[in-house]
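Encoded as structure tokens, the structure appears first; notes follow it.
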Amino acid sequence: MQIQENISLRPYNSFGIDVRAARFASFTSEDELATLLADLSPDKYLILGGGSNLLLTGDFNGIVLKNEIKGITELHEDSEYVYIRAGAGENWHQFVLYCIERNWAGIENLSLIPGNVGASPMQNIGAYGVEIDDVFHSLEAWHITDKKKVTFTNSDCAFAYRESVFKNIYKDQFVILNVTYQLRKKPRFHTSYGAIEQELERMGVQELSIKAVSDAVIHIRSSKLPNPAETGNAGSFFKNPSVSKEKYWQLQTLHPSIVGYDNADGSVKLAAGWLIEHCGPQEGISWKGYRQGDAGCHARQALVLVNYGHASGKEIYDLSEQILQSVNDKFGVMLEREVNIIG
Ligand code: FAD
Ligand code: EPU
């Protein structure tokens, strides 16, 4: 809980950006957090989990508070579900594996997403047809200025695609302490999304299990997403944008190979990776695989921006700005960043 000064944040962000924090402290309990905040306020805070969904564009002149609250507790169960509470500082993937070992189903499709439990509701993490919204029961969070604990149910969080109240109306107001998930005792498999079925077949799986789904997801992810331990990145840099059906038809007439998926509300979600791949810094050159100094656009997944070594956050941000502009110029679609920009 000791406050350190002038700390490099390089080990604490998956982009590997080398900036410094004026002050840095970690906390392992609600009490430690309350004590820290009582001594500090008012200040500029950055609540940090695993640092896998942020881009640091410069030195941080406030205090970084790293959430290290651990612990996994089985609260209770009913005929269908088991209710599991996990500390915000638990590593997400380790938590997924812990649940799979116990045959608690619902988060196997979310295997190998980097980061910690506490950030899972922030942007309603999702992959391969499942999102936190589907398994979320409630969370407890500390209100920084009111200095009290508040409970949020699923509807309080207003989950949407890569969105929750914590990313918009309550931005920077709460520290998530723990999350309770409602996991199924009997699995309901989600294998229709992406290449999961194909991968299960390749693996020779005869009898479906949550472990098999998890292994398939891990394999697919590892084959296309860069490992942050080797190449700095924060996953998808942009969200997949939604457009009206009419706009989609217009685009499809001009670009027959464009990729889009129908949303429940009649709009169409476009694959931003396709849009980015199909434009570039100049005619005939694609952003996909493009490198500008040490900042780049990944060669196997155009939606992922990477740091090849010593890129600054500003260089990666500038590249993202150029990509965003060129996609808008060519397709008339404005991308929105998914990654949290911390300046
Ligand atoms: P951080 O990066 O530490 O924080 C993210 C934001 O949440 C920041 O604004 C931070 O202030 C805030 N925050 C973090 N913890 C707390 C807390 N306890 N209380 C309050 N605020 C908090 N995301 C997906 O949804 N799907 C994917 O498939 C996916 N794949 C990825 C693949 C790779 C290779 C990488 C690098 C990232 C990927 N991501 C994906 C993004 C990222 O893993 C998730 O957003 C993850 O939930 C971030 O967790 P974190 O602990 O690292 O959060
Ligand atoms: N595509 C291209 N070129 C590319 C990349 C993708 O044309 O360079 C097209 C392909 O047609 C592909 C389609 O886009 O079929 C979708 O690609 P992919 O399956 O890789 O998924 P995505 O839409 O790029 C989303 C999430 C990921 C999540 C995967 C799997 C967003 C912003 N991203 O990526 O989440 O893991 O689906 O569900 O919704 C993240 O949020 O950080 C993240 C990695």
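Following the order of the structure tokens, first chain is A, next is B, and so on, with residues numbered from 1 inside each chain and ligands from 1 in the order they appear.
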Close residues, Phe15 (chain A) itself excluded, 10 Å, only C-alpha atoms, min 6 positions apart in chain, as a short mmCIF file (atom, residue, chain, number, x, y, z; two decimals) with N, CA, C and O atoms, in the first residue's frame:
data_model
loop_
_atom_site.label_atom_id
_atom_site.label_comp_id
_atom_site.auth_asym_id
_atom_site.auth_seq_id
_atom_site.Cartn_x
_atom_site.Cartn_y
_atom_site.Cartn_z
N GLY A 51 -3.96 -3.57 -17.37
CA GLY A 51 -3.40 -2.61 -18.34
C GLY A 51 -3.49 -3.09 -19.78
O GLY A 51 -2.70 -2.67 -20.63
N SER A 52 -4.48 -3.95 -20.09
CA SER A 52 -4.55 -4.51 -21.44
C SER A 52 -5.61 -3.85 -22.33
O SER A 52 -5.87 -4.33 -23.44
N ASN A 53 -6.20 -2.77 -21.84
CA ASN A 53 -7.15 -2.06 -22.70
C ASN A 53 -6.96 -0.56 -22.60
O ASN A 53 -7.92 0.20 -22.61
N LEU A 54 -5.69 -0.15 -22.50
CA LEU A 54 -5.43 1.29 -22.45
C LEU A 54 -4.20 1.68 -23.25
O LEU A 54 -3.30 0.87 -23.46
N LEU A 55 -4.23 2.94 -23.70
CA LEU A 55 -3.08 3.51 -24.39
C LEU A 55 -2.66 4.75 -23.62
O LEU A 55 -3.43 5.71 -23.48
N LEU A 56 -1.44 4.71 -23.11
CA LEU A 56 -0.90 5.83 -22.32
C LEU A 56 -0.18 6.78 -23.27
O LEU A 56 0.83 6.41 -23.88
N PRO A 228 0.70 -10.17 -26.25
CA PRO A 228 1.28 -8.92 -25.74
C PRO A 228 2.66 -9.12 -25.10
O PRO A 228 3.46 -8.18 -25.05
N ALA A 229 2.95 -10.36 -24.66
CA ALA A 229 4.28 -10.60 -24.06
C ALA A 229 5.36 -10.50 -25.13
O ALA A 229 6.53 -10.25 -24.83
N THR A 231 4.62 -8.88 -28.56
CA THR A 231 4.40 -7.65 -29.34
C THR A 231 3.32 -6.83 -28.63
O THR A 231 2.19 -7.30 -28.48
N GLY A 232 3.68 -5.63 -28.24
CA GLY A 232 2.74 -4.79 -27.49
C GLY A 232 1.46 -4.53 -28.25
O GLY A 232 1.49 -4.20 -29.44
N ASN A 233 0.32 -4.70 -27.59
CA ASN A 233 -0.98 -4.37 -28.21
C ASN A 233 -2.06 -4.38 -27.14
O ASN A 233 -1.82 -4.80 -26.01
N ALA A 234 -3.24 -3.92 -27.51
CA ALA A 234 -4.36 -3.91 -26.55
C ALA A 234 -5.60 -4.56 -27.17
O ALA A 234 -6.72 -4.14 -26.93
N GLY A 235 -5.39 -5.56 -28.02
CA GLY A 235 -6.52 -6.21 -28.70
C GLY A 235 -7.09 -5.28 -29.76
O GLY A 235 -6.38 -4.43 -30.32
N LEU A 305 -3.70 -2.66 -33.37
CA LEU A 305 -2.50 -1.85 -33.56
C LEU A 305 -1.42 -2.38 -32.62
O LEU A 305 -1.73 -2.85 -31.52
N VAL A 306 -0.18 -2.30 -33.07
CA VAL A 306 0.89 -2.91 -32.28
C VAL A 306 2.07 -1.95 -32.06
O VAL A 306 2.29 -1.01 -32.82
N ASN A 307 2.81 -2.26 -31.01
CA ASN A 307 4.05 -1.56 -30.72
C ASN A 307 5.19 -2.56 -30.93
O ASN A 307 5.30 -3.54 -30.21
N TYR A 308 6.00 -2.30 -31.96
CA TYR A 308 7.08 -3.23 -32.27
C TYR A 308 8.27 -3.08 -31.33
O TYR A 308 9.24 -3.80 -31.47
N GLY A 309 8.22 -2.15 -30.42
CA GLY A 309 9.35 -2.02 -29.48
C GLY A 309 9.29 -0.72 -28.70
O GLY A 309 8.95 -0.71 -27.53
N HIS A 310 9.60 0.36 -29.40
CA HIS A 310 9.76 1.62 -28.67
C HIS A 310 8.81 2.71 -29.16
O HIS A 310 9.13 3.90 -29.03
N ALA A 311 7.67 2.32 -29.70
CA ALA A 311 6.72 3.37 -30.12
C ALA A 311 6.23 4.11 -28.88
O ALA A 311 6.11 3.53 -27.80
N SER A 312 5.94 5.39 -29.07
CA SER A 312 5.32 6.13 -27.97
C SER A 312 3.81 5.99 -28.11
O SER A 312 3.30 5.65 -29.19
N GLY A 313 3.11 6.29 -27.01
CA GLY A 313 1.65 6.24 -27.07
C GLY A 313 1.13 7.23 -28.11
O GLY A 313 0.15 6.97 -28.81
N ILE A 316 1.32 5.78 -31.61
CA ILE A 316 0.24 4.81 -31.87
C ILE A 316 -1.09 5.56 -32.03
O ILE A 316 -1.88 5.26 -32.94
#
Would you list, as a list in words, the residues of region 7-97 of chain A that end up in alpha helix (DSSP H) under DSSP run on this structure's backbone? Glu30, Asp31, Glu32, Leu33, Ala34, Thr35, Leu36, Leu37, Ala38, Asp39, Leu40, Trp92, His93, Gln94, Phe95, Val96 and Leu97 of chain A
Please extract the residues at most 6 Å from ligand 1, counting only C-alpha atoms and all ligand atoms, and provide them as an NGL selection string, using the chain letters and residue numbers of this document. :A and (14 or 46-54 or 67 or 88 or 113-116 or 118-120 or 122 or 125-127 or 174-177 or 225-228 or 233-235 or 340)
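Residues in contact with ligand 2 (atom pairs separated by at most 7 Å; only C-alpha atoms and all ligand atoms) are A:Ile125, A:Gly126, A:Ala127, A:Tyr128, A:Gly129, A:Gly194, A:Ala234, A:Gly235, A:Ser236, A:Phe237, A:Phe238, A:Lys239, A:Asn240, A:Val259, A:Ala271, A:Ala272, A:Gly273, A:Trp274, A:Glu277, A:Lys288, A:Arg300, A:Gln301, A:Ala302, A:Leu303, A:Glu338.
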Go ahead and save the picked residues with C-alpha atoms, as a short mmCIF file (atom, residue, chain, number, x, y, z; two decimals), in the first residue's frame.
data_model
loop_
_atom_site.label_atom_id
_atom_site.label_comp_id
_atom_site.auth_asym_id
_atom_site.auth_seq_id
_atom_site.Cartn_x
_atom_site.Cartn_y
_atom_site.Cartn_z
CA ILE A 125 -15.94 -7.95 -22.57
CA GLY A 126 -17.01 -10.28 -25.31
CA ALA A 127 -15.76 -12.88 -27.74
CA TYR A 128 -17.06 -15.76 -29.83
CA GLY A 129 -20.74 -15.04 -29.27
CA GLY A 194 -16.54 -17.90 -36.06
CA ALA A 234 -4.36 -3.91 -26.55
CA GLY A 235 -6.52 -6.21 -28.70
CA SER A 236 -9.01 -4.57 -31.06
CA PHE A 237 -8.14 -0.89 -31.15
CA PHE A 238 -11.51 0.13 -32.63
CA LYS A 239 -15.06 -1.13 -32.17
CA ASN A 240 -16.96 -2.71 -35.05
CA VAL A 259 -18.22 -8.08 -44.15
CA ALA A 271 -16.18 -5.78 -39.56
CA ALA A 272 -13.82 -2.86 -38.87
CA GLY A 273 -10.89 -5.18 -39.68
CA TRP A 274 -12.20 -5.47 -43.25
CA GLU A 277 -7.59 -3.78 -44.49
CA LYS A 288 -2.83 -4.22 -42.71
CA ARG A 300 -2.92 -10.98 -39.40
CA GLN A 301 -5.63 -8.78 -37.81
CA ALA A 302 -5.99 -5.22 -39.10
CA LEU A 303 -8.11 -4.19 -36.10
CA GLU A 338 -12.36 0.75 -28.09
#
Test item: residues at most 12 Å from Tyr81 (chain A), only C-alpha atoms, excluding those fewer than 6 positions along its chain, as an NGL selection string: :A and (74-75 or 103-106 or 135-137 or 180-188)
Closest of A:Ser320, A:Leu254, A:Lys149, A:Asp262 to Tyr290 (chain A) - atom-to-atom distances counting only C-alpha atoms: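 Closest residue, counting only C-alpha atoms: A:Ser320.
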Excluding Lys245 (chain A) and residues on its chain fewer than 3 positions from it, collect all residues at most 12 Å away from it, counting only C-alpha atoms, and give them as a list in words.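 My list of contacting residues is Ser242, Tyr248, Trp249, Gln250, Leu251, Gln252, Gly260, Tyr261, Asp262, Asn263, Ala264, Asp265, Gly266, Ser267, Val268, Lys269 and Leu270 of chain A.
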Tell me, which residues of region 65-219 of chain A carry DSSP strand (DSSP E), written as a PyMOL selection string? chain A and resi 65-67+72-77+81-87+126-127+130-131+136-143+148-153+174-184
Grab the residues selected above and save them as a compact mmCIF listing (two decimals), in the first residue's frame with N, CA and C atoms.
# COMPACT_ATOMS: atom_id res chain seq x y z
N LEU A 65 -3.61 3.71 -9.18
CA LEU A 65 -4.00 2.80 -8.10
C LEU A 65 -4.24 1.42 -8.70
N LYS A 66 -3.35 0.50 -8.38
CA LYS A 66 -3.46 -0.84 -8.98
C LYS A 66 -4.26 -1.76 -8.08
N ASN A 67 -5.34 -2.28 -8.67
CA ASN A 67 -6.26 -3.14 -7.92
C ASN A 67 -5.69 -4.56 -7.82
N ILE A 72 -11.61 -15.95 -4.63
CA ILE A 72 -12.76 -16.48 -5.38
C ILE A 72 -13.63 -17.24 -4.38
N THR A 73 -14.91 -16.87 -4.30
CA THR A 73 -15.81 -17.48 -3.32
C THR A 73 -17.06 -18.00 -4.00
N GLU A 74 -17.46 -19.22 -3.63
CA GLU A 74 -18.73 -19.77 -4.11
C GLU A 74 -19.78 -19.28 -3.13
N LEU A 75 -20.66 -18.38 -3.56
CA LEU A 75 -21.61 -17.77 -2.62
C LEU A 75 -22.78 -18.69 -2.31
N HIS A 76 -23.48 -19.13 -3.35
CA HIS A 76 -24.58 -20.08 -3.15
C HIS A 76 -24.95 -20.67 -4.50
N GLU A 77 -25.90 -21.59 -4.49
CA GLU A 77 -26.35 -22.16 -5.76
C GLU A 77 -27.84 -22.43 -5.72
N TYR A 81 -28.01 -22.55 -11.35
CA TYR A 81 -26.79 -21.74 -11.34
C TYR A 81 -25.96 -21.89 -10.07
N VAL A 82 -24.69 -21.55 -10.23
CA VAL A 82 -23.83 -21.37 -9.07
C VAL A 82 -23.35 -19.91 -9.14
N TYR A 83 -23.31 -19.25 -7.99
CA TYR A 83 -23.00 -17.81 -7.94
C TYR A 83 -21.59 -17.66 -7.37
N ILE A 84 -20.69 -17.14 -8.21
CA ILE A 84 -19.27 -17.08 -7.84
C ILE A 84 -18.82 -15.63 -7.78
N ARG A 85 -18.24 -15.27 -6.64
CA ARG A 85 -17.70 -13.91 -6.50
C ARG A 85 -16.18 -13.95 -6.65
N ALA A 86 -15.67 -13.04 -7.48
CA ALA A 86 -14.21 -12.99 -7.66
C ALA A 86 -13.70 -11.57 -7.39
N GLY A 87 -12.56 -11.48 -6.73
CA GLY A 87 -11.93 -10.19 -6.46
C GLY A 87 -11.51 -9.54 -7.77
N GLY A 126 -16.30 -9.29 -24.51
CA GLY A 126 -17.01 -10.28 -25.31
C GLY A 126 -16.10 -10.94 -26.32
N ALA A 127 -16.45 -12.17 -26.67
CA ALA A 127 -15.76 -12.88 -27.74
C ALA A 127 -16.53 -14.15 -28.08
N VAL A 130 -20.30 -14.63 -26.89
CA VAL A 130 -20.68 -14.50 -25.47
C VAL A 130 -20.13 -13.18 -24.95
N GLU A 131 -20.88 -12.53 -24.07
CA GLU A 131 -20.33 -11.34 -23.40
C GLU A 131 -20.68 -11.39 -21.91
N PHE A 136 -23.33 -12.11 -15.94
CA PHE A 136 -23.11 -11.18 -14.84
C PHE A 136 -24.29 -11.18 -13.87
N HIS A 137 -24.00 -11.27 -12.59
CA HIS A 137 -25.06 -11.16 -11.58
C HIS A 137 -25.03 -9.79 -10.92
N SER A 138 -23.89 -9.40 -10.34
CA SER A 138 -23.80 -8.10 -9.66
C SER A 138 -22.34 -7.76 -9.40
N LEU A 139 -22.10 -6.54 -8.97
CA LEU A 139 -20.74 -6.17 -8.55
C LEU A 139 -20.81 -5.18 -7.41
N GLU A 140 -19.70 -5.11 -6.67
CA GLU A 140 -19.58 -4.09 -5.63
C GLU A 140 -18.48 -3.13 -6.06
N ALA A 141 -18.78 -1.83 -5.88
CA ALA A 141 -17.80 -0.82 -6.30
C ALA A 141 -17.73 0.28 -5.25
N TRP A 142 -16.56 0.89 -5.17
CA TRP A 142 -16.32 1.97 -4.21
C TRP A 142 -16.48 3.31 -4.91
N HIS A 143 -17.36 4.16 -4.39
CA HIS A 143 -17.52 5.48 -4.99
C HIS A 143 -16.41 6.39 -4.46
N LYS A 148 -18.15 5.48 -0.36
CA LYS A 148 -19.01 4.39 0.12
C LYS A 148 -19.15 3.31 -0.95
N LYS A 149 -19.57 2.14 -0.44
CA LYS A 149 -19.68 0.98 -1.34
C LYS A 149 -21.08 0.92 -1.93
N VAL A 150 -21.16 0.64 -3.23
CA VAL A 150 -22.45 0.58 -3.92
C VAL A 150 -22.53 -0.77 -4.65
N THR A 151 -23.73 -1.38 -4.65
CA THR A 151 -23.92 -2.63 -5.39
C THR A 151 -24.64 -2.33 -6.70
N PHE A 152 -24.16 -2.92 -7.78
CA PHE A 152 -24.78 -2.77 -9.10
C PHE A 152 -25.31 -4.12 -9.55
N THR A 153 -26.58 -4.16 -9.95
CA THR A 153 -27.13 -5.38 -10.55
C THR A 153 -26.86 -5.32 -12.05
N PHE A 174 -16.01 5.18 -10.01
CA PHE A 174 -16.06 4.00 -9.15
C PHE A 174 -14.82 3.14 -9.29
N VAL A 175 -14.48 2.46 -8.18
CA VAL A 175 -13.47 1.41 -8.25
C VAL A 175 -14.22 0.09 -8.06
N ILE A 176 -14.18 -0.76 -9.03
CA ILE A 176 -14.86 -2.07 -8.91
C ILE A 176 -14.02 -2.95 -7.98
N LEU A 177 -14.71 -3.49 -6.95
CA LEU A 177 -14.01 -4.27 -5.92
C LEU A 177 -14.10 -5.76 -6.20
N ASN A 178 -15.29 -6.21 -6.59
CA ASN A 178 -15.49 -7.64 -6.89
C ASN A 178 -16.68 -7.78 -7.83
N VAL A 179 -16.73 -8.93 -8.49
CA VAL A 179 -17.82 -9.20 -9.43
C VAL A 179 -18.39 -10.58 -9.12
N THR A 180 -19.73 -10.69 -9.13
CA THR A 180 -20.37 -11.99 -8.95
C THR A 180 -20.96 -12.45 -10.28
N TYR A 181 -20.58 -13.65 -10.68
CA TYR A 181 -21.05 -14.24 -11.93
C TYR A 181 -22.03 -15.37 -11.61
N GLN A 182 -22.96 -15.52 -12.52
CA GLN A 182 -24.00 -16.54 -12.39
C GLN A 182 -23.69 -17.60 -13.45
N LEU A 183 -23.10 -18.72 -13.02
CA LEU A 183 -22.62 -19.71 -14.00
C LEU A 183 -23.50 -20.96 -13.97
N ARG A 184 -23.63 -21.55 -15.15
CA ARG A 184 -24.55 -22.70 -15.28
C ARG A 184 -23.94 -24.00 -14.79
Skip Glu32 (chain A) itself and residues of its chain fewer than 3 positions away, then list as a VMD selection string all residues within 12 Å of it, counting only C-alpha atoms. chain A and resid 1 to 3 25 to 29 35 to 39 65 to 69 142 177
Have a look at CA of Val64 (chain A) and CA of Asp133 (chain A) and let me know their distance in Å, one decimal.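 Atom-to-atom, CA of Val64 (chain A) to CA of Asp133 (chain A), that is 27.8 Å.
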Hey, can you check how far CA of Glu207 (chain A) sits from CA of Cys99 (chain A)?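 Taking CA of Glu207 (chain A) and CA of Cys99 (chain A), their separation equals 19.2 Å.
CA of Ser164 (chain A) lies 26.7 Å from CA of Gly332 (chain A).
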List as CSV every residue of region 104-139 of chain A that is in contact with region 156-160 of chain A, defined as an atom at most 8 Å from one of its atoms (using only C-alpha atoms), together with the nearest atom pair and the distance in Å rounded to one decimal, sorted by chain and then rising number.
residue,atom,partner,partner_atom,distance
A:Pro121,CA,A:Phe159,CA,8.0
A:Gln123,CA,A:Phe159,CA,7.9
A:Asn124,CA,A:Phe159,CA,6.2
A:Asp133,CA,A:Phe159,CA,6.2
Considering only C-alpha atoms, state which residue in the set A:Asp43, A:Asp146, A:Asp329, A:Asp172 is at the smallest distance from Ile276 (chain A).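 Ranked by minimum distance to Ile276 (chain A), first place goes to A:Asp329.
Using only C-alpha atoms, the smallest distance between any of A:Glu5, A:Asp59, A:Glu108, A:Asp18 and Ala212 (chain A) comes from A:Glu108.
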